[in-house]
Each structure stands twice: as structure tokens, then as C-alpha cells.
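A.B. asks: My structure file final.pdb, PDB, C-alpha atoms, is below:
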```pdb
ATOM      1  CA  MET S 885     -22.342 -19.966  -2.843  1.00  0.00           C
ATOM      2  CA  LYS S 886     -20.009 -22.506  -4.383  1.00  0.00           C
ATOM      3  CA  ASN S 887     -16.265 -22.530  -3.653  1.00  0.00           C
ATOM      4  CA  PHE S 888     -15.464 -21.316  -7.172  1.00  0.00           C
ATOM      5  CA  GLU S 889     -17.868 -18.402  -6.795  1.00  0.00           C
ATOM      6  CA  LEU S 890     -16.387 -17.464  -3.404  1.00  0.00           C
ATOM      7  CA  PHE S 891     -12.878 -17.691  -4.826  1.00  0.00           C
ATOM      8  CA  SER S 892     -13.873 -15.484  -7.774  1.00  0.00           C
ATOM      9  CA  LEU S 893     -15.465 -12.984  -5.413  1.00  0.00           C
ATOM     10  CA  ALA S 894     -12.293 -12.963  -3.299  1.00  0.00           C
ATOM     11  CA  ARG S 895     -10.189 -12.295  -6.406  1.00  0.00           C
ATOM     12  CA  ILE S 896     -12.507  -9.463  -7.481  1.00  0.00           C
ATOM     13  CA  ILE S 897     -12.326  -7.890  -4.010  1.00  0.00           C
ATOM     14  CA  HIS S 898      -8.550  -8.366  -3.973  1.00  0.00           C
ATOM     15  CA  VAL S 899      -7.962  -6.665  -7.320  1.00  0.00           C
ATOM     16  CA  LEU S 900     -10.391  -3.798  -6.687  1.00  0.00           C
ATOM     17  CA  CYS S 901      -8.875  -3.082  -3.278  1.00  0.00           C
ATOM     18  CA  VAL S 902      -5.335  -3.127  -4.696  1.00  0.00           C
ATOM     19  CA  ILE S 903      -6.451  -0.640  -7.350  1.00  0.00           C
ATOM     20  CA  ILE S 904      -7.925   1.688  -4.716  1.00  0.00           C
ATOM     21  CA  TRP S 905      -4.952   1.313  -2.362  1.00  0.00           C
ATOM     22  CA  ILE S 906      -2.017   1.553  -4.793  1.00  0.00           C
ATOM     23  CA  GLY S 907      -3.877   4.025  -7.005  1.00  0.00           C
ATOM     24  CA  GLY S 908      -4.258   6.247  -3.959  1.00  0.00           C
ATOM     25  CA  VAL S 909      -0.556   5.958  -3.212  1.00  0.00           C
ATOM     26  CA  ALA S 910       0.187   6.915  -6.833  1.00  0.00           C
ATOM     27  CA  MET S 911      -2.124   9.928  -6.633  1.00  0.00           C
ATOM     28  CA  VAL S 912      -0.638  11.127  -3.343  1.00  0.00           C
ATOM     29  CA  THR S 913       2.930  10.635  -4.603  1.00  0.00           C
ATOM     30  CA  THR S 914       2.664  12.077  -8.102  1.00  0.00           C
ATOM     31  CA  ILE S 915      -0.093  14.696  -7.800  1.00  0.00           C
ATOM     32  CA  ILE S 916      -0.911  15.730  -4.241  1.00  0.00           C
ATOM     33  CA  ILE S 917       2.556  16.024  -2.686  1.00  0.00           C
ATOM     34  CA  PRO S 918       4.038  17.961  -5.645  1.00  0.00           C
ATOM     35  CA  GLY S 919       1.011  20.270  -5.593  1.00  0.00           C
ATOM     36  CA  ILE S 920       1.246  20.818  -1.853  1.00  0.00           C
ATOM     37  CA  LYS S 921       4.953  21.668  -2.066  1.00  0.00           C
ATOM     38  CA  LYS S 922       3.845  25.062  -3.377  1.00  0.00           C
ATOM     39  CA  ASN S 923       1.827  25.748  -0.202  1.00  0.00           C
ATOM     40  CA  THR S 924       3.185  27.613   2.783  1.00  0.00           C
ATOM     41  CA  ASN S 925       1.654  25.180   5.273  1.00  0.00           C
ATOM     42  CA  GLN S 926       2.582  21.942   3.520  1.00  0.00           C
ATOM     43  CA  PHE S 927       2.181  19.430   6.300  1.00  0.00           C
ATOM     44  CA  LYS S 928      -1.220  20.640   7.532  1.00  0.00           C
ATOM     45  CA  THR S 929      -2.595  20.538   3.987  1.00  0.00           C
ATOM     46  CA  PHE S 930      -1.048  17.107   3.445  1.00  0.00           C
ATOM     47  CA  GLU S 931      -2.532  15.753   6.674  1.00  0.00           C
ATOM     48  CA  GLU S 932      -5.994  17.026   5.723  1.00  0.00           C
ATOM     49  CA  ILE S 933      -5.930  15.476   2.267  1.00  0.00           C
ATOM     50  CA  GLU S 934      -4.194  12.230   3.170  1.00  0.00           C
ATOM     51  CA  GLY S 935      -6.328  11.916   6.295  1.00  0.00           C
ATOM     52  CA  ALA S 936      -9.394  11.717   4.084  1.00  0.00           C
ATOM     53  CA  PHE S 937      -7.784   8.857   2.145  1.00  0.00           C
ATOM     54  CA  SER S 938      -6.446   7.080   5.231  1.00  0.00           C
ATOM     55  CA  LEU S 939      -9.698   5.278   6.077  1.00  0.00           C
ATOM     56  CA  GLN S 940     -10.117   4.115   2.467  1.00  0.00           C
ATOM     57  CA  ALA S 941      -6.522   2.876   2.431  1.00  0.00           C
ATOM     58  CA  LYS S 942      -6.982   1.020   5.723  1.00  0.00           C
ATOM     59  CA  ILE S 943     -10.166  -0.710   4.529  1.00  0.00           C
ATOM     60  CA  ALA S 944      -8.645  -1.563   1.133  1.00  0.00           C
ATOM     61  CA  THR S 945      -5.459  -2.897   2.735  1.00  0.00           C
ATOM     62  CA  LEU S 946      -7.427  -4.985   5.224  1.00  0.00           C
ATOM     63  CA  LEU S 947      -9.672  -6.458   2.514  1.00  0.00           C
ATOM     64  CA  THR S 948      -6.651  -7.075   0.284  1.00  0.00           C
ATOM     65  CA  GLY S 949      -5.009  -9.112   3.031  1.00  0.00           C
ATOM     66  CA  ILE S 950      -8.143 -11.074   3.915  1.00  0.00           C
ATOM     67  CA  SER S 951      -8.944 -11.895   0.287  1.00  0.00           C
ATOM     68  CA  GLY S 952      -5.317 -12.730  -0.542  1.00  0.00           C
ATOM     69  CA  PHE S 953      -4.883 -15.120   2.352  1.00  0.00           C
ATOM     70  CA  TYR S 954      -8.305 -16.637   1.618  1.00  0.00           C
ATOM     71  CA  MET S 955      -7.188 -17.392  -1.949  1.00  0.00           C
ATOM     72  CA  LEU S 956      -3.966 -18.975  -0.674  1.00  0.00           C
ATOM     73  CA  TYR S 957      -6.063 -21.057   1.725  1.00  0.00           C
ATOM     74  CA  VAL S 958      -8.534 -22.236  -0.942  1.00  0.00           C
ATOM     75  CA  LEU S 959      -5.729 -23.104  -3.365  1.00  0.00           C
ATOM     76  CA  ASN S 960      -3.713 -24.642  -0.523  1.00  0.00           C
ATOM     77  CA  ALA S 961      -0.828 -22.685  -2.021  1.00  0.00           C
ATOM     78  CA  TRP S 962       1.182 -22.123   1.152  1.00  0.00           C
ATOM     79  CA  ASP S 963       4.071 -24.121  -0.323  1.00  0.00           C
ATOM     80  CA  ARG S 964       4.598 -21.300  -2.829  1.00  0.00           C
ATOM     81  CA  TYR S 965       6.306 -19.397  -0.040  1.00  0.00           C
ATOM     82  CA  PHE S 966       9.096 -21.993  -0.269  1.00  0.00           C
ATOM     83  CA  ASP S 967       9.614 -21.680  -4.035  1.00  0.00           C
ATOM     84  CA  TYR S 968      11.645 -18.772  -5.417  1.00  0.00           C
ATOM     85  CA  LYS S 969       9.622 -18.907  -8.694  1.00  0.00           C
ATOM     86  CA  PHE S 970       6.763 -17.400  -6.708  1.00  0.00           C
ATOM     87  CA  TRP S 971       8.809 -14.386  -5.590  1.00  0.00           C
ATOM     88  CA  TRP S 972       5.820 -12.198  -6.384  1.00  0.00           C
ATOM     89  CA  ILE S 973       3.755 -13.854  -3.627  1.00  0.00           C
ATOM     90  CA  HIS S 974       6.534 -12.995  -1.187  1.00  0.00           C
ATOM     91  CA  ALA S 975       6.583  -9.443  -2.556  1.00  0.00           C
ATOM     92  CA  MET S 976       2.797  -9.084  -2.249  1.00  0.00           C
ATOM     93  CA  THR S 977       2.898 -10.293   1.335  1.00  0.00           C
ATOM     94  CA  ILE S 978       5.809  -8.005   2.254  1.00  0.00           C
ATOM     95  CA  ILE S 979       4.197  -4.939   0.616  1.00  0.00           C
ATOM     96  CA  TRP S 980       0.892  -5.714   2.312  1.00  0.00           C
ATOM     97  CA  LEU S 981       2.611  -6.164   5.672  1.00  0.00           C
ATOM     98  CA  LEU S 982       4.673  -2.982   5.209  1.00  0.00           C
ATOM     99  CA  PHE S 983       1.618  -0.871   4.371  1.00  0.00           C
ATOM    100  CA  SER S 984      -0.395  -2.442   7.205  1.00  0.00           C
ATOM    101  CA  ILE S 985       2.329  -1.516   9.696  1.00  0.00           C
ATOM    102  CA  ILE S 986       2.523   2.014   8.251  1.00  0.00           C
ATOM    103  CA  LEU S 987      -1.245   2.589   8.193  1.00  0.00           C
ATOM    104  CA  PHE S 988      -2.184   0.956  11.485  1.00  0.00           C
ATOM    105  CA  ILE S 989       0.902   1.610  13.663  1.00  0.00           C
ATOM    106  CA  ILE S 990       3.400   4.130  12.283  1.00  0.00           C
ATOM    107  CA  GLU S 991       1.049   6.831  10.941  1.00  0.00           C
ATOM    108  CA  PRO S 992      -1.207   7.085  13.986  1.00  0.00           C
ATOM    109  CA  PHE S 993       1.307   6.429  16.769  1.00  0.00           C
ATOM    110  CA  ILE S 994       4.903   7.011  15.661  1.00  0.00           C
ATOM    111  CA  ALA S 995       4.932   9.467  12.725  1.00  0.00           C
ATOM    112  CA  PRO S 996       3.392  12.432  14.565  1.00  0.00           C
ATOM    113  CA  GLN S 997       6.156  12.450  17.198  1.00  0.00           C
ATOM    114  CA  LEU S 998       8.856  11.577  14.665  1.00  0.00           C
ATOM    115  CA  PHE S 999       8.009  14.393  12.256  1.00  0.00           C
ATOM    116  CA  LYS S1000       6.866  17.005  14.794  1.00  0.00           C
ATOM    117  CA  LYS S1001      10.450  17.884  15.739  1.00  0.00           C
ATOM    118  CA  ASN S1002      11.489  18.307  12.092  1.00  0.00           C
ATOM    119  CA  LEU S1003       8.287  20.125  11.177  1.00  0.00           C
ATOM    120  CA  ASP S1004       9.019  22.827  13.721  1.00  0.00           C
ATOM    121  CA  THR S1005      12.675  23.280  12.745  1.00  0.00           C
ATOM    122  CA  ASN S1006      12.809  22.312   9.056  1.00  0.00           C
ATOM    123  CA  PRO S1007       9.399  21.631   7.460  1.00  0.00           C
ATOM    124  CA  GLU S1008      10.807  21.441   3.919  1.00  0.00           C
ATOM    125  CA  PHE S1009      13.157  18.627   4.959  1.00  0.00           C
ATOM    126  CA  ALA S1010      10.392  16.696   6.752  1.00  0.00           C
ATOM    127  CA  PHE S1011       8.065  17.019   3.767  1.00  0.00           C
ATOM    128  CA  SER S1012      10.873  15.976   1.418  1.00  0.00           C
ATOM    129  CA  VAL S1013      11.433  12.814   3.489  1.00  0.00           C
ATOM    130  CA  ILE S1014       7.703  12.034   3.383  1.00  0.00           C
ATOM    131  CA  HIS S1015       7.725  12.464  -0.399  1.00  0.00           C
ATOM    132  CA  LYS S1016      10.754  10.181  -0.827  1.00  0.00           C
ATOM    133  CA  ILE S1017       9.137   7.509   1.344  1.00  0.00           C
ATOM    134  CA  HIS S1018       5.995   7.681  -0.794  1.00  0.00           C
ATOM    135  CA  TRP S1019       8.074   7.325  -3.980  1.00  0.00           C
ATOM    136  CA  ALA S1020       9.875   4.272  -2.597  1.00  0.00           C
ATOM    137  CA  LEU S1021       6.593   2.654  -1.547  1.00  0.00           C
ATOM    138  CA  LEU S1022       4.994   3.416  -4.911  1.00  0.00           C
ATOM    139  CA  ILE S1023       7.894   1.976  -6.917  1.00  0.00           C
ATOM    140  CA  LEU S1024       7.992  -1.191  -4.783  1.00  0.00           C
ATOM    141  CA  SER S1025       4.213  -1.517  -5.102  1.00  0.00           C
ATOM    142  CA  LEU S1026       4.286  -1.170  -8.890  1.00  0.00           C
ATOM    143  CA  ILE S1027       7.086  -3.742  -9.233  1.00  0.00           C
ATOM    144  CA  THR S1028       5.113  -6.095  -6.991  1.00  0.00           C
ATOM    145  CA  THR S1029       1.895  -5.554  -8.933  1.00  0.00           C
ATOM    146  CA  ALA S1030       3.636  -6.182 -12.258  1.00  0.00           C
ATOM    147  CA  GLY S1031       5.228  -9.319 -10.810  1.00  0.00           C
ATOM    148  CA  ALA S1032       1.926 -10.561  -9.425  1.00  0.00           C
ATOM    149  CA  VAL S1033       0.063 -10.078 -12.687  1.00  0.00           C
ATOM    150  CA  GLY S1034       2.853 -11.656 -14.713  1.00  0.00           C
ATOM    151  CA  GLY S1035       3.430 -14.450 -12.230  1.00  0.00           C
ATOM    152  CA  SER S1036      -0.233 -15.360 -11.850  1.00  0.00           C
ATOM    153  CA  HIS S1037      -0.455 -15.668 -15.650  1.00  0.00           C
ATOM    154  CA  GLY S1038       2.618 -17.876 -15.979  1.00  0.00           C
ATOM    155  CA  LEU S1039       5.079 -15.282 -17.217  1.00  0.00           C
ATOM    156  CA  PHE S1040       7.623 -16.083 -14.498  1.00  0.00           C
TER     157      PHE S1040
END
```
Do you think you could lay out the structure here as C-alpha cells?
C.D. replies:
Amino acid sequence: MKNFELFSLARIIHVLCVIIWIGGVAMVTTIIIPGIKKNTNQFKTFEEIEGAFSLQAKIATLLTGISGFYMLYVLNAWDRYFDYKFWWIHAMTIIWLLFSIILFIIEPFIAPQLFKKNLDTNPEFAFSVIHKIHWALLILSLITTAGAVGGSHGLF
């Protein structure tokens, strides 16, 4: 495979994985969590549904990072990290890093202990915090995606 073909394949993988990953965050934030709020056992239902998406999100996030850094490598575009005009590359990297930390460290190791105390005493509060975190991540992700699309097409 030629370099151009590999680069194109990396871009295709990158975009498809971002769609799966951020689309999943949008679905969880705008559809699933509001629907679950009507349940009596909110957190258990949420864990079951989001748990099914967790593996997809981890794979998509991992492939997004690999393909993104591969494209930076092929373009030798590392210097863009030192130019404020490419703020969207910084944003993509930060969002990717944030989600990677959440998916691979916080959710499996820290969140269960952190939310267990609040789930026992005040489940509505704990679920409200989870919903607000999802909204913040979704909004940051959408701003980053808009910036990346606009920036990669010369808008910024």
C-alpha cells in the first residue's frame, strides 16, 4: 500500500471512530440518561446500558488516537502544536486524552468507589453529577469536532 493510501485509510478510520465515539456520548447524554432518570434503579440500568457501549468506546478511542498520531507523523505536523492557529489539534489531543483517562482509568478503577458512597445515600445527586459530566464532555467534544473540521479545511 502506498503512503497516500495508508494516510487515507488512517483518516477514514479516524473519522469513523470519532463518529462512533462522540455519537455514543451524544446518545448517552441526550437520550439514555434522561430516559433512565424515570427509573427507580437509575444507576444499575445506566451501568448495564453504558457497559455495553464501553468496549465500543474504548476501541473507537484507541483507534482514533492511533490514526490521529499516525497522520501527524506522516505529515510531520508536530510543529502545529506550537502554533495557536492549530488550536483544534490541541483540543483534539486534550479531548482524546481526557476520554482515554476516563475510559481506561477512572471508570473501571476510581468511579465505582467515588460514586458508591453517594449512590447509597443520595442516588439522584450522584446520577445528576454523572449527567452533568456527560453534558460537559459532549459540549467540549462538539466544539472540538467543529474546530477540527473547520480547521482542517482552512476555515481558521
A.B. asks: Please expand the PyMOL selection byres ((chain S and resi 991) around 12) into the concrete residues it hits in this file, giving the result as an NGL selection string.
C.D. replies: :S and (931 or 934-935 or 938-939 or 942 or 982-990 or 992-999 or 1014)
A.B. asks: Find the spatial neighbours of Ile1017 of chain S, counting all atoms listed in the file, within a cut-off of 12 Å - ignore same-chain residues fewer than 4 positions away - and output them as a PyMOL selection string.
C.D. replies: chain S and resi 909+912-913+917+983+986+1010-1013+1021-1024
A.B. asks: Kindly save the residues from that selection, with C-alpha atoms included, as a PDB file, in the coordinates of the input.
C.D. replies:
```
ATOM      1  CA  VAL S 909      -0.556   5.958  -3.212  1.00  0.00           C
ATOM      2  CA  VAL S 912      -0.638  11.127  -3.343  1.00  0.00           C
ATOM      3  CA  THR S 913       2.930  10.635  -4.603  1.00  0.00           C
ATOM      4  CA  ILE S 917       2.556  16.024  -2.686  1.00  0.00           C
ATOM      5  CA  PHE S 983       1.618  -0.871   4.371  1.00  0.00           C
ATOM      6  CA  ILE S 986       2.523   2.014   8.251  1.00  0.00           C
ATOM      7  CA  ALA S1010      10.392  16.696   6.752  1.00  0.00           C
ATOM      8  CA  PHE S1011       8.065  17.019   3.767  1.00  0.00           C
ATOM      9  CA  SER S1012      10.873  15.976   1.418  1.00  0.00           C
ATOM     10  CA  VAL S1013      11.433  12.814   3.489  1.00  0.00           C
ATOM     11  CA  LEU S1021       6.593   2.654  -1.547  1.00  0.00           C
ATOM     12  CA  LEU S1022       4.994   3.416  -4.911  1.00  0.00           C
ATOM     13  CA  ILE S1023       7.894   1.976  -6.917  1.00  0.00           C
ATOM     14  CA  LEU S1024       7.992  -1.191  -4.783  1.00  0.00           C
TER      15      LEU S1024
END
```
A.B. asks: Using all atoms listed in the file, can you tell me which of S:Trp1019, S:Phe937, S:Phe966, S:Tyr954 comes closest to His898 of chain S?
C.D. replies: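 The closest residue to His898 of chain S is S:Tyr954.
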A.B. asks: Using the chain letters and numbers from the file, which residues does the PyMOL selection byres ((chain S and resi 905) around 9) grab, as an mmCIF file with C-alpha atoms, keeping the file's coordinate frame?
C.D. replies:
```
data_model
loop_
_atom_site.group_PDB
_atom_site.id
_atom_site.type_symbol
_atom_site.label_atom_id
_atom_site.label_comp_id
_atom_site.auth_asym_id
_atom_site.auth_seq_id
_atom_site.Cartn_x
_atom_site.Cartn_y
_atom_site.Cartn_z
ATOM 1 C CA LEU S 900 -10.391 -3.798 -6.687
ATOM 2 C CA CYS S 901 -8.875 -3.082 -3.278
ATOM 3 C CA VAL S 902 -5.335 -3.127 -4.696
ATOM 4 C CA ILE S 903 -6.451 -0.640 -7.350
ATOM 5 C CA ILE S 904 -7.925 1.688 -4.716
ATOM 6 C CA ILE S 906 -2.017 1.553 -4.793
ATOM 7 C CA GLY S 907 -3.877 4.025 -7.005
ATOM 8 C CA GLY S 908 -4.258 6.247 -3.959
ATOM 9 C CA VAL S 909 -0.556 5.958 -3.212
ATOM 10 C CA ALA S 910 0.187 6.915 -6.833
ATOM 11 C CA GLN S 940 -10.117 4.115 2.467
ATOM 12 C CA ALA S 941 -6.522 2.876 2.431
ATOM 13 C CA LYS S 942 -6.982 1.020 5.723
ATOM 14 C CA ILE S 943 -10.166 -0.710 4.529
ATOM 15 C CA ALA S 944 -8.645 -1.563 1.133
ATOM 16 C CA THR S 945 -5.459 -2.897 2.735
ATOM 17 C CA THR S 948 -6.651 -7.075 0.284
#
```
A.B. asks: Would you compute the distance between atom CA of Leu890 of chain S and atom CA of Leu959 of chain S? Give it in Å to one decimal.
C.D. replies: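 Computed distance, atom CA of Leu890 of chain S to atom CA of Leu959 of chain S, equals 12.1 Å.
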A.B. asks: Take atom CA of Glu1008 of chain S and atom CA of Ala936 of chain S and report the distance between them in Å, one decimal.
C.D. replies: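 The value is 22.4 Å.
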A.B. asks: Using only C-alpha atoms, which protein or nucleic acid residues come within 12 Å of Gly1035 of chain S? Drop anything in the same chain fewer than 3 positions from it, and give the result as an NGL selection string.
C.D. replies: :S and (964 or 968-976 or 1027-1032 or 1038-1040)
A.B. asks: Interatomic distance between atom CA of Trp980 of chain S and atom CA of Gly949 of chain S?
C.D. replies: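 Atom-to-atom, atom CA of Trp980 of chain S to atom CA of Gly949 of chain S, that is 6.8 Å.
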A.B. asks: Hey, could you pull the box centre and edge lengths for segment 983-996 of chain S, axis-aligned, 5 Å padding per side, all listed atoms, to one decimal in Å, as AutoDock Vina command-line options?
C.D. replies:
```
--center_x 1.4 --center_y 5.0 --center_z 10.6 --size_x 17.1 --size_y 24.9 --size_z 22.4
```
A.B. asks: Determine the nearest neighbour of Ile920 of chain S from the options S:Val1033, S:Ile933, S:Leu1026, S:Ile979, counting only C-alpha atoms.
C.D. replies: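 The closest residue to Ile920 of chain S is S:Ile933.
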A.B. asks: Would you translate the PyMOL selection byres ((chain S and resi 894) around 8) into the concrete set of residues it matches in this file, as a list in words?
C.D. replies: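 On this input, the PyMOL selection byres ((chain S and resi 894) around 8) captures Leu890, Phe891, Ser892, Leu893, Arg895, Ile896, Ile897, His898, Ser951, Gly952, Tyr954 and Met955 of chain S.
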A.B. asks: Please output segment 922-944 of chain S, rebuilt to include N, CA and C atoms, as a compact mmCIF listing (two decimals), keeping the file's coordinate frame.
C.D. replies:
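Output (part16.txt):
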```
# COMPACT_ATOMS: atom_id res chain seq x y z
N LYS S 922 3.95 23.63 -3.07
CA LYS S 922 3.84 25.06 -3.38
C LYS S 922 3.15 25.83 -2.25
N ASN S 923 2.53 25.12 -1.32
CA ASN S 923 1.83 25.75 -0.20
C ASN S 923 2.80 26.21 0.88
N THR S 924 2.36 27.17 1.66
CA THR S 924 3.18 27.61 2.78
C THR S 924 3.04 26.67 3.97
N ASN S 925 1.88 26.11 4.16
CA ASN S 925 1.65 25.18 5.27
C ASN S 925 1.49 23.77 4.71
N GLN S 926 2.59 23.22 4.23
CA GLN S 926 2.58 21.94 3.52
C GLN S 926 2.02 20.80 4.35
N PHE S 927 2.53 20.62 5.54
CA PHE S 927 2.18 19.43 6.30
C PHE S 927 0.72 19.43 6.73
N LYS S 928 0.19 20.57 7.12
CA LYS S 928 -1.22 20.64 7.53
C LYS S 928 -2.12 20.29 6.35
N THR S 929 -1.82 20.84 5.19
CA THR S 929 -2.60 20.54 3.99
C THR S 929 -2.49 19.05 3.65
N PHE S 930 -1.28 18.52 3.73
CA PHE S 930 -1.05 17.11 3.44
C PHE S 930 -1.84 16.22 4.40
N GLU S 931 -1.80 16.54 5.68
CA GLU S 931 -2.53 15.75 6.67
C GLU S 931 -4.03 15.77 6.40
N GLU S 932 -4.56 16.92 6.00
CA GLU S 932 -5.99 17.03 5.72
C GLU S 932 -6.39 16.17 4.53
N ILE S 933 -5.60 16.23 3.47
CA ILE S 933 -5.93 15.48 2.27
C ILE S 933 -5.68 13.99 2.48
N GLU S 934 -4.50 13.64 2.98
CA GLU S 934 -4.19 12.23 3.17
C GLU S 934 -5.07 11.62 4.26
N GLY S 935 -5.44 12.41 5.24
CA GLY S 935 -6.33 11.92 6.30
C GLY S 935 -7.66 11.44 5.74
N ALA S 936 -8.14 12.13 4.72
CA ALA S 936 -9.39 11.72 4.08
C ALA S 936 -9.23 10.38 3.36
N PHE S 937 -8.04 10.11 2.85
CA PHE S 937 -7.78 8.86 2.14
C PHE S 937 -7.40 7.73 3.10
N SER S 938 -6.96 8.06 4.29
CA SER S 938 -6.45 7.08 5.23
C SER S 938 -7.45 5.96 5.53
N LEU S 939 -8.70 6.30 5.78
CA LEU S 939 -9.70 5.28 6.08
C LEU S 939 -9.91 4.35 4.88
N GLN S 940 -9.98 4.94 3.68
CA GLN S 940 -10.12 4.12 2.47
C GLN S 940 -8.93 3.18 2.33
N ALA S 941 -7.73 3.69 2.55
CA ALA S 941 -6.52 2.88 2.43
C ALA S 941 -6.52 1.75 3.46
N LYS S 942 -6.94 2.05 4.68
CA LYS S 942 -6.98 1.02 5.72
C LYS S 942 -7.97 -0.09 5.37
N ILE S 943 -9.16 0.29 4.91
CA ILE S 943 -10.17 -0.71 4.53
C ILE S 943 -9.68 -1.54 3.34
N ALA S 944 -9.13 -0.85 2.33
CA ALA S 944 -8.64 -1.56 1.13
C ALA S 944 -7.50 -2.51 1.49
```
